[in-house]
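What follows is the content of upload_31.csv (CSV, N, CA and C atoms and all ligand atoms).
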```
chain,number,residue,atom,x,y,z
A,1,MET,N,7.3,2.9,-18.0
A,1,MET,CA,6.5,2.4,-16.8
A,1,MET,C,5.1,2.9,-17.1
A,2,SER,N,4.1,1.9,-16.9
A,2,SER,CA,2.7,2.3,-17.2
A,2,SER,C,2.2,3.2,-16.2
A,3,HIS,N,1.4,4.2,-16.7
A,3,HIS,CA,0.8,5.2,-15.8
A,3,HIS,C,-0.6,5.5,-16.3
A,4,ASP,N,-1.5,5.5,-15.4
A,4,ASP,CA,-2.9,5.8,-15.8
A,4,ASP,C,-3.2,7.2,-15.3
A,5,PRO,N,-3.4,8.1,-16.2
A,5,PRO,CA,-3.6,9.5,-15.8
A,5,PRO,C,-4.8,9.8,-14.9
A,6,ASN,N,-5.7,8.8,-14.9
A,6,ASN,CA,-6.9,9.0,-14.0
A,6,ASN,C,-6.8,8.3,-12.7
A,7,CYS,N,-5.6,7.7,-12.4
A,7,CYS,CA,-5.5,6.9,-11.2
A,7,CYS,C,-4.9,7.7,-10.1
A,8,LEU,N,-5.5,7.7,-8.9
A,8,LEU,CA,-5.0,8.5,-7.8
A,8,LEU,C,-3.6,8.0,-7.4
A,9,PHE,N,-3.4,6.7,-7.3
A,9,PHE,CA,-2.1,6.3,-6.8
A,9,PHE,C,-1.0,6.5,-7.8
A,10,CYS,N,-1.4,6.5,-9.1
A,10,CYS,CA,-0.4,6.8,-10.2
A,10,CYS,C,0.0,8.3,-10.0
A,11,LYS,N,-1.0,9.1,-9.6
A,11,LYS,CA,-0.7,10.6,-9.4
A,11,LYS,C,0.2,10.7,-8.2
A,12,ILE,N,0.0,10.0,-7.2
A,12,ILE,CA,0.8,10.0,-6.0
A,12,ILE,C,2.2,9.6,-6.3
A,13,ALA,N,2.3,8.5,-7.1
A,13,ALA,CA,3.6,7.9,-7.5
A,13,ALA,C,4.4,8.9,-8.3
A,14,ALA,N,3.7,9.7,-9.1
A,14,ALA,CA,4.3,10.7,-10.0
A,14,ALA,C,4.6,12.0,-9.3
A,15,GLY,N,4.1,12.1,-8.0
A,15,GLY,CA,4.4,13.4,-7.3
A,15,GLY,C,3.4,14.5,-7.6
A,16,GLN,N,2.3,14.1,-8.3
A,16,GLN,CA,1.3,15.1,-8.7
A,16,GLN,C,0.3,15.4,-7.6
A,17,ILE,N,0.2,14.5,-6.6
A,17,ILE,CA,-0.7,14.6,-5.5
A,17,ILE,C,0.2,14.3,-4.3
A,18,PRO,N,0.1,15.1,-3.2
A,18,PRO,CA,1.0,14.9,-2.1
A,18,PRO,C,0.5,13.6,-1.3
A,19,ALA,N,1.5,13.0,-0.6
A,19,ALA,CA,1.2,11.9,0.3
A,19,ALA,C,2.3,11.9,1.4
A,20,ALA,N,2.0,11.3,2.5
A,20,ALA,CA,3.0,11.2,3.6
A,20,ALA,C,3.9,10.0,3.3
A,21,LYS,N,4.9,10.2,2.5
A,21,LYS,CA,5.7,9.1,2.1
A,21,LYS,C,6.6,8.6,3.2
A,22,VAL,N,6.8,7.3,3.3
A,22,VAL,CA,7.7,6.8,4.3
A,22,VAL,C,8.8,6.0,3.6
A,23,TYR,N,8.6,5.7,2.4
A,23,TYR,CA,9.6,4.9,1.6
A,23,TYR,C,9.5,5.1,0.1
A,24,GLU,N,10.6,5.2,-0.6
A,24,GLU,CA,10.5,5.2,-2.0
A,24,GLU,C,11.8,4.7,-2.6
A,25,ASP,N,11.6,3.9,-3.7
A,25,ASP,CA,12.8,3.5,-4.5
A,25,ASP,C,12.3,3.5,-6.0
A,26,ASP,N,13.1,2.9,-6.8
A,26,ASP,CA,12.8,3.0,-8.3
A,26,ASP,C,11.4,2.5,-8.6
A,27,GLU,N,11.0,1.4,-8.0
A,27,GLU,CA,9.7,0.8,-8.4
A,27,GLU,C,8.6,0.7,-7.3
A,28,LEU,N,9.0,1.1,-6.1
A,28,LEU,CA,7.9,1.0,-5.0
A,28,LEU,C,7.8,2.4,-4.3
A,29,LEU,N,6.7,2.6,-3.7
A,29,LEU,CA,6.4,3.8,-2.9
A,29,LEU,C,5.6,3.3,-1.7
A,30,ALA,N,5.8,3.8,-0.6
A,30,ALA,CA,5.0,3.5,0.6
A,30,ALA,C,4.6,4.9,1.3
A,31,PHE,N,3.4,5.0,1.7
A,31,PHE,CA,2.9,6.2,2.3
A,31,PHE,C,1.8,5.9,3.3
A,32,LYS,N,1.5,6.9,4.2
A,32,LYS,CA,0.5,6.7,5.2
A,32,LYS,C,-0.9,6.7,4.6
A,33,ASP,N,-1.7,5.8,5.0
A,33,ASP,CA,-3.1,5.8,4.6
A,33,ASP,C,-3.8,7.1,5.2
A,34,ILE,N,-4.5,7.8,4.3
A,34,ILE,CA,-5.1,9.1,4.7
A,34,ILE,C,-6.3,8.9,5.8
A,35,HIS,N,-6.9,7.7,5.8
A,35,HIS,CA,-7.9,7.3,6.8
A,35,HIS,C,-7.4,6.1,7.6
A,36,PRO,N,-6.5,6.3,8.5
A,36,PRO,CA,-5.9,5.1,9.1
A,36,PRO,C,-6.9,4.3,9.9
A,37,ALA,N,-6.8,3.0,9.7
A,37,ALA,CA,-7.6,2.0,10.5
A,37,ALA,C,-6.9,1.4,11.6
A,38,ALA,N,-5.7,1.8,11.8
A,38,ALA,CA,-4.8,1.3,12.9
A,38,ALA,C,-3.8,2.4,13.2
A,39,PRO,N,-3.2,2.3,14.4
A,39,PRO,CA,-2.2,3.4,14.8
A,39,PRO,C,-1.1,3.5,13.7
A,40,VAL,N,-0.7,2.4,13.1
A,40,VAL,CA,0.3,2.4,12.0
A,40,VAL,C,-0.5,1.9,10.8
A,41,HIS,N,-0.7,2.7,9.7
A,41,HIS,CA,-1.5,2.2,8.6
A,41,HIS,C,-0.8,2.7,7.3
A,42,LEU,N,0.0,1.9,6.7
A,42,LEU,CA,0.7,2.3,5.5
A,42,LEU,C,0.2,1.6,4.3
A,43,LEU,N,0.4,2.2,3.1
A,43,LEU,CA,0.1,1.5,1.8
A,43,LEU,C,1.4,1.4,1.1
A,44,VAL,N,1.7,0.2,0.5
A,44,VAL,CA,2.8,0.0,-0.3
A,44,VAL,C,2.3,-0.3,-1.7
A,45,ILE,N,2.8,0.5,-2.7
A,45,ILE,CA,2.3,0.4,-4.0
A,45,ILE,C,3.5,0.3,-5.0
A,46,PRO,N,3.3,-0.4,-6.1
A,46,PRO,CA,4.3,-0.3,-7.2
A,46,PRO,C,4.0,1.0,-7.9
A,47,LYS,N,5.1,1.6,-8.4
A,47,LYS,CA,4.9,2.9,-9.1
A,47,LYS,C,4.2,2.6,-10.5
A,48,ALA,N,4.5,1.5,-11.0
A,48,ALA,CA,3.8,1.2,-12.3
A,48,ALA,C,2.3,0.8,-12.0
A,49,HIS,N,1.5,1.2,-12.9
A,49,HIS,CA,0.0,0.9,-12.7
A,49,HIS,C,-0.3,-0.6,-13.0
A,50,ILE,N,-0.7,-1.3,-11.9
A,50,ILE,CA,-1.2,-2.6,-12.0
A,50,ILE,C,-2.6,-2.5,-11.2
A,51,ALA,N,-3.7,-2.8,-11.9
A,51,ALA,CA,-5.0,-2.4,-11.3
A,51,ALA,C,-5.3,-3.2,-10.0
A,52,SER,N,-4.9,-4.4,-10.0
A,52,SER,CA,-5.2,-5.2,-8.8
A,52,SER,C,-4.4,-6.5,-8.7
A,53,LEU,N,-4.4,-7.2,-7.6
A,53,LEU,CA,-3.7,-8.4,-7.5
A,53,LEU,C,-4.2,-9.4,-8.6
A,54,ALA,N,-5.5,-9.3,-9.0
A,54,ALA,CA,-6.1,-10.1,-10.0
A,54,ALA,C,-5.4,-9.9,-11.4
A,55,ASP,N,-4.7,-8.8,-11.5
A,55,ASP,CA,-4.1,-8.5,-12.8
A,55,ASP,C,-2.6,-8.9,-12.8
A,56,ALA,N,-2.2,-9.4,-11.6
A,56,ALA,CA,-0.8,-9.9,-11.5
A,56,ALA,C,-0.6,-11.3,-12.0
A,57,ASP,N,0.5,-11.6,-12.5
A,57,ASP,CA,0.8,-13.0,-12.9
A,57,ASP,C,2.2,-13.4,-12.5
A,58,ALA,N,2.7,-14.5,-12.9
A,58,ALA,CA,4.0,-15.0,-12.5
A,58,ALA,C,5.1,-14.0,-12.8
A,59,SER,N,4.9,-13.2,-13.8
A,59,SER,CA,6.0,-12.2,-14.2
A,59,SER,C,6.1,-11.1,-13.1
A,60,HIS,N,5.0,-11.0,-12.3
A,60,HIS,CA,5.1,-10.0,-11.2
A,60,HIS,C,5.6,-10.5,-9.9
A,61,ALA,N,6.0,-11.8,-9.9
A,61,ALA,CA,6.4,-12.4,-8.6
A,61,ALA,C,7.5,-11.6,-7.9
A,62,PRO,N,8.6,-11.2,-8.6
A,62,PRO,CA,9.6,-10.5,-7.9
A,62,PRO,C,9.2,-9.2,-7.3
A,63,LEU,N,8.3,-8.5,-8.1
A,63,LEU,CA,7.8,-7.2,-7.6
A,63,LEU,C,6.9,-7.5,-6.3
A,64,LEU,N,6.0,-8.4,-6.4
A,64,LEU,CA,5.2,-8.8,-5.3
A,64,LEU,C,6.0,-9.2,-4.1
A,65,GLY,N,7.1,-9.9,-4.3
A,65,GLY,CA,8.0,-10.3,-3.3
A,65,GLY,C,8.6,-9.1,-2.6
A,66,ARG,N,9.0,-8.2,-3.4
A,66,ARG,CA,9.7,-7.0,-2.8
A,66,ARG,C,8.7,-6.1,-2.0
A,67,MET,N,7.4,-6.1,-2.5
A,67,MET,CA,6.4,-5.3,-1.8
A,67,MET,C,6.2,-6.0,-0.4
A,68,LEU,N,6.1,-7.3,-0.4
A,68,LEU,CA,5.9,-8.0,0.8
A,68,LEU,C,7.1,-7.9,1.8
A,69,ALA,N,8.2,-8.0,1.2
A,69,ALA,CA,9.5,-8.0,2.0
A,69,ALA,C,9.7,-6.6,2.7
A,70,LEU,N,9.1,-5.6,2.1
A,70,LEU,CA,9.2,-4.2,2.6
A,70,LEU,C,8.3,-4.1,3.9
A,71,ALA,N,7.2,-4.8,3.9
A,71,ALA,CA,6.3,-4.6,5.0
A,71,ALA,C,6.8,-4.7,6.4
A,72,PRO,N,7.6,-5.7,6.8
A,72,PRO,CA,8.1,-5.8,8.2
A,72,PRO,C,9.1,-4.7,8.5
A,73,LYS,N,9.9,-4.3,7.5
A,73,LYS,CA,10.8,-3.2,7.7
A,73,LYS,C,10.1,-1.9,8.0
A,74,LEU,N,9.1,-1.6,7.2
A,74,LEU,CA,8.4,-0.3,7.4
A,74,LEU,C,7.6,-0.3,8.7
A,75,ALA,N,6.9,-1.5,8.9
A,75,ALA,CA,6.1,-1.6,10.1
A,75,ALA,C,7.0,-1.3,11.4
A,76,LEU,N,8.1,-1.9,11.4
A,76,LEU,CA,9.0,-1.7,12.5
A,76,LEU,C,9.5,-0.2,12.6
A,77,GLU,N,9.9,0.3,11.5
A,77,GLU,CA,10.3,1.7,11.5
A,77,GLU,C,9.2,2.7,11.9
A,78,GLN,N,8.0,2.3,11.6
A,78,GLN,CA,6.8,3.2,12.0
A,78,GLN,C,6.3,3.0,13.4
A,79,GLY,N,6.9,2.0,14.1
A,79,GLY,CA,6.5,1.8,15.5
A,79,GLY,C,5.6,0.6,15.7
A,80,ALA,N,5.3,-0.2,14.7
A,80,ALA,CA,4.5,-1.4,14.9
A,80,ALA,C,5.5,-2.6,15.3
A,81,SER,N,6.0,-2.5,16.5
A,81,SER,CA,7.1,-3.5,16.9
A,81,SER,C,6.5,-4.7,17.5
A,82,ASN,N,5.2,-4.8,17.6
A,82,ASN,CA,4.6,-5.9,18.3
A,82,ASN,C,3.6,-6.7,17.4
A,83,GLY,N,3.8,-6.5,16.1
A,83,GLY,CA,3.0,-7.2,15.1
A,83,GLY,C,2.2,-6.3,14.2
A,84,PHE,N,1.7,-6.8,13.1
A,84,PHE,CA,1.0,-6.1,12.1
A,84,PHE,C,0.2,-7.0,11.2
A,85,ARG,N,-0.7,-6.5,10.4
A,85,ARG,CA,-1.4,-7.2,9.4
A,85,ARG,C,-1.1,-6.7,8.1
A,86,VAL,N,-1.1,-7.6,7.1
A,86,VAL,CA,-1.0,-7.2,5.7
A,86,VAL,C,-2.2,-7.6,4.9
A,87,VAL,N,-2.8,-6.7,4.2
A,87,VAL,CA,-4.1,-7.0,3.5
A,87,VAL,C,-4.0,-6.4,2.1
A,88,ILE,N,-4.4,-7.2,1.1
A,88,ILE,CA,-4.6,-6.7,-0.3
A,88,ILE,C,-6.0,-6.9,-0.7
A,89,ASN,N,-6.8,-5.9,-0.6
A,89,ASN,CA,-8.2,-5.9,-1.1
A,89,ASN,C,-8.2,-6.0,-2.6
A,90,THR,N,-8.9,-6.9,-3.1
A,90,THR,CA,-8.8,-7.2,-4.6
A,90,THR,C,-10.2,-7.3,-5.2
A,91,GLY,N,-10.5,-6.4,-6.1
A,91,GLY,CA,-11.7,-6.4,-6.9
A,91,GLY,C,-12.9,-5.9,-6.1
A,92,HIS,N,-14.0,-5.9,-6.7
A,92,HIS,CA,-15.3,-5.4,-6.1
A,92,HIS,C,-15.6,-6.1,-4.9
A,93,ASP,N,-15.7,-7.4,-5.0
A,93,ASP,CA,-16.1,-8.3,-3.8
A,93,ASP,C,-15.0,-8.3,-2.8
A,94,GLY,N,-13.8,-7.9,-3.1
A,94,GLY,CA,-12.7,-7.9,-2.1
A,94,GLY,C,-12.6,-6.5,-1.5
A,95,GLY,N,-13.6,-5.6,-1.8
A,95,GLY,CA,-13.6,-4.3,-1.1
A,95,GLY,C,-12.6,-3.3,-1.6
A,96,GLN,N,-12.0,-3.6,-2.8
A,96,GLN,CA,-11.0,-2.7,-3.3
A,96,GLN,C,-11.7,-1.4,-3.8
A,97,GLU,N,-11.2,-0.2,-3.3
A,97,GLU,CA,-11.8,1.0,-3.7
A,97,GLU,C,-10.8,1.8,-4.7
A,98,ILE,N,-9.5,1.6,-4.5
A,98,ILE,CA,-8.6,2.3,-5.4
A,98,ILE,C,-8.0,1.2,-6.3
A,99,HIS,N,-8.2,1.4,-7.6
A,99,HIS,CA,-7.9,0.3,-8.5
A,99,HIS,C,-6.4,0.4,-9.0
A,100,HIS,N,-5.5,0.5,-8.1
A,100,HIS,CA,-4.1,0.4,-8.3
A,100,HIS,C,-3.6,-0.5,-7.2
A,101,LEU,N,-2.9,-1.6,-7.5
A,101,LEU,CA,-2.5,-2.5,-6.5
A,101,LEU,C,-1.8,-1.9,-5.3
A,102,HIS,N,-2.3,-2.3,-4.1
A,102,HIS,CA,-1.6,-1.7,-2.9
A,102,HIS,C,-1.8,-2.7,-1.8
A,103,LEU,N,-0.8,-2.7,-1.0
A,103,LEU,CA,-0.7,-3.6,0.2
A,103,LEU,C,-0.9,-2.7,1.4
A,104,HIS,N,-1.9,-3.1,2.2
A,104,HIS,CA,-2.1,-2.3,3.5
A,104,HIS,C,-1.2,-3.0,4.5
A,105,VAL,N,-0.5,-2.2,5.3
A,105,VAL,CA,0.3,-2.7,6.4
A,105,VAL,C,-0.3,-2.0,7.7
A,106,MET,N,-0.9,-2.7,8.5
A,106,MET,CA,-1.6,-2.1,9.7
A,106,MET,C,-1.1,-2.8,11.0
A,107,GLY,N,-0.7,-1.9,11.9
A,107,GLY,CA,-0.1,-2.4,13.1
A,107,GLY,C,-0.2,-1.3,14.2
A,108,GLY,N,0.6,-1.6,15.2
A,108,GLY,CA,0.7,-0.6,16.3
A,108,GLY,C,-0.2,-1.1,17.4
A,109,PRO,N,-0.1,-0.5,18.6
A,109,PRO,CA,-0.9,-1.0,19.8
A,109,PRO,C,-2.4,-0.9,19.5
A,110,ARG,N,-3.1,-1.9,19.9
A,110,ARG,CA,-4.6,-1.9,19.8
A,110,ARG,C,-5.2,-2.3,21.1
A,111,PRO,N,-5.1,-1.3,22.1
A,111,PRO,CA,-5.6,-1.6,23.4
A,111,PRO,C,-7.0,-1.9,23.5
A,112,TRP,N,-7.8,-1.4,22.6
A,112,TRP,CA,-9.3,-1.7,22.5
A,112,TRP,C,-9.5,-3.1,22.2
A,113,LYS,N,-8.5,-3.8,21.6
A,113,LYS,CA,-8.7,-5.2,21.2
A,113,LYS,C,-8.1,-6.1,22.2
A,114,HIS,N,-7.0,-5.7,22.8
A,114,HIS,CA,-6.2,-6.6,23.7
A,114,HIS,C,-6.3,-6.3,25.2
A,115,GLY,N,-6.9,-5.2,25.5
A,115,GLY,CA,-7.1,-4.8,26.9
A,115,GLY,C,-5.8,-4.3,27.5
B,1,LIG,P1,-8.8,-0.2,-0.7
B,1,LIG,O1,-10.2,-0.2,-0.2
B,1,LIG,O2,-8.0,-1.4,-0.4
B,1,LIG,O3,-8.8,0.1,-2.2
B,1,LIG,O4,-8.0,0.9,0.1
B,1,LIG,C1,-7.8,2.2,-0.4
B,1,LIG,C2,-7.2,3.0,0.7
B,1,LIG,O5,-6.6,4.2,0.2
B,1,LIG,C3,-8.1,3.4,1.8
B,1,LIG,O6,-7.7,2.8,3.1
B,1,LIG,C4,-8.1,4.9,1.8
B,1,LIG,O7,-8.1,5.5,3.1
B,1,LIG,C5,-6.7,5.2,1.2
B,1,LIG,N1,-6.6,6.4,0.5
B,1,LIG,C6,-7.5,7.0,-0.4
B,1,LIG,N2,-7.0,8.2,-0.8
B,1,LIG,C7,-5.8,8.4,-0.3
B,1,LIG,C8,-4.8,9.4,-0.4
B,1,LIG,N3,-4.9,10.5,-1.1
B,1,LIG,N4,-3.6,9.2,0.4
B,1,LIG,C9,-3.5,8.1,1.2
B,1,LIG,N5,-4.4,7.1,1.3
B,1,LIG,C10,-5.5,7.2,0.6
B,2,ZN,ZN,-2.4,3.6,-11.0
```

Take the structure I supplied and represent it as structure tokens, if you would.
Amino acid sequence: MSHDPNCLFCKIAAGQIPAAKVYEDDELLAFKDIHPAAPVHLLVIPKAHIASLADADASHAPLLGRMLALAPKLALEQGASNGFRVVINTGHDGGQEIHHLHLHVMGGPRPWKHG
């Protein structure tokens, strides 16, 4: 499994840096975003280092599918029972700051938005 020793999310996947994990299996890890932008804000990552969605190709389709399929399950478990957003910031112009593929899952009540 590819691992970039300078990558923060590789270090989290390897257990070298702590994270508030909410899900883990052989190839995926999900944990709480350290600066949540919503009441529920999770990050779903592959344990293998893939720098961004721009580095994924058709061979990654099953992995990407499993990442996406995990989102509603975790959103519900974490209390986002009324909807959520899924975002993959990609590359410089996409606002990506951590260069290890990750899917943001953001949900939970947003009273400031809906009154
Ligand atoms: P992006 O801009 O899509 O690359 O998002 C990176 C996200 O990683 C941001 O929302 C950060 O708050 C989050 N983040 C950075 N460091 C950590 C960390 N150590 N544990 C959890 N989330 C982190
Ligand atoms: Zn990495």

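Counting from CA of His60 in chain A, the distance to CA of Gly107 in chain A is 26.0 Å.
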
Neighbours of point (-0.8, 1.6, 5.8) within 6 Å, using only N, CA and C atoms, written as a PDB file with N, CA and C atoms, keeping the file's coordinate frame:
```pdb
ATOM      1  N   PHE A  31       3.400   5.000   1.700  1.00  0.00           N
ATOM      2  CA  PHE A  31       2.900   6.200   2.300  1.00  0.00           C
ATOM      3  C   PHE A  31       1.800   5.900   3.300  1.00  0.00           C
ATOM      4  N   LYS A  32       1.500   6.900   4.200  1.00  0.00           N
ATOM      5  CA  LYS A  32       0.500   6.700   5.200  1.00  0.00           C
ATOM      6  C   LYS A  32      -0.900   6.700   4.600  1.00  0.00           C
ATOM      7  N   ASP A  33      -1.700   5.800   5.000  1.00  0.00           N
ATOM      8  CA  ASP A  33      -3.100   5.800   4.600  1.00  0.00           C
ATOM      9  C   ASP A  33      -3.800   7.100   5.200  1.00  0.00           C
ATOM     10  N   VAL A  40      -0.700   2.400  13.100  1.00  0.00           N
ATOM     11  CA  VAL A  40       0.300   2.400  12.000  1.00  0.00           C
ATOM     12  C   VAL A  40      -0.500   1.900  10.800  1.00  0.00           C
ATOM     13  N   HIS A  41      -0.700   2.700   9.700  1.00  0.00           N
ATOM     14  CA  HIS A  41      -1.500   2.200   8.600  1.00  0.00           C
ATOM     15  C   HIS A  41      -0.800   2.700   7.300  1.00  0.00           C
ATOM     16  N   LEU A  42       0.000   1.900   6.700  1.00  0.00           N
ATOM     17  CA  LEU A  42       0.700   2.300   5.500  1.00  0.00           C
ATOM     18  C   LEU A  42       0.200   1.600   4.300  1.00  0.00           C
ATOM     19  N   LEU A  43       0.400   2.200   3.100  1.00  0.00           N
ATOM     20  CA  LEU A  43       0.100   1.500   1.800  1.00  0.00           C
ATOM     21  C   LEU A  43       1.400   1.400   1.100  1.00  0.00           C
ATOM     22  N   HIS A 104      -1.900  -3.100   2.200  1.00  0.00           N
ATOM     23  CA  HIS A 104      -2.100  -2.300   3.500  1.00  0.00           C
ATOM     24  C   HIS A 104      -1.200  -3.000   4.500  1.00  0.00           C
ATOM     25  N   VAL A 105      -0.500  -2.200   5.300  1.00  0.00           N
ATOM     26  CA  VAL A 105       0.300  -2.700   6.400  1.00  0.00           C
ATOM     27  C   VAL A 105      -0.300  -2.000   7.700  1.00  0.00           C
ATOM     28  N   MET A 106      -0.900  -2.700   8.500  1.00  0.00           N
ATOM     29  CA  MET A 106      -1.600  -2.100   9.700  1.00  0.00           C
ATOM     30  C   MET A 106      -1.100  -2.800  11.000  1.00  0.00           C
TER      31      MET A 106
END
```

Q: Can you list, as number ranges by chain, all residues belonging to chain A that DSSP tags as strand (DSSP E or B)?
A: A: 21-24, 28-32, 40-46, 84-87, 103-107

Q) Which parts of range 20-90 of chain A does DSSP call alpha helix (DSSP H) when run on the backbone here, written out as a VMD selection string? A) chain A and resid 61 to 77

Q: Using all atoms listed in the file, find each protein or nucleic acid residue lying at most 8 Å from ligand ZN 2 (chain B); present the set as a PyMOL selection string.
A: chain A and resi 2-13+46-51+98-101
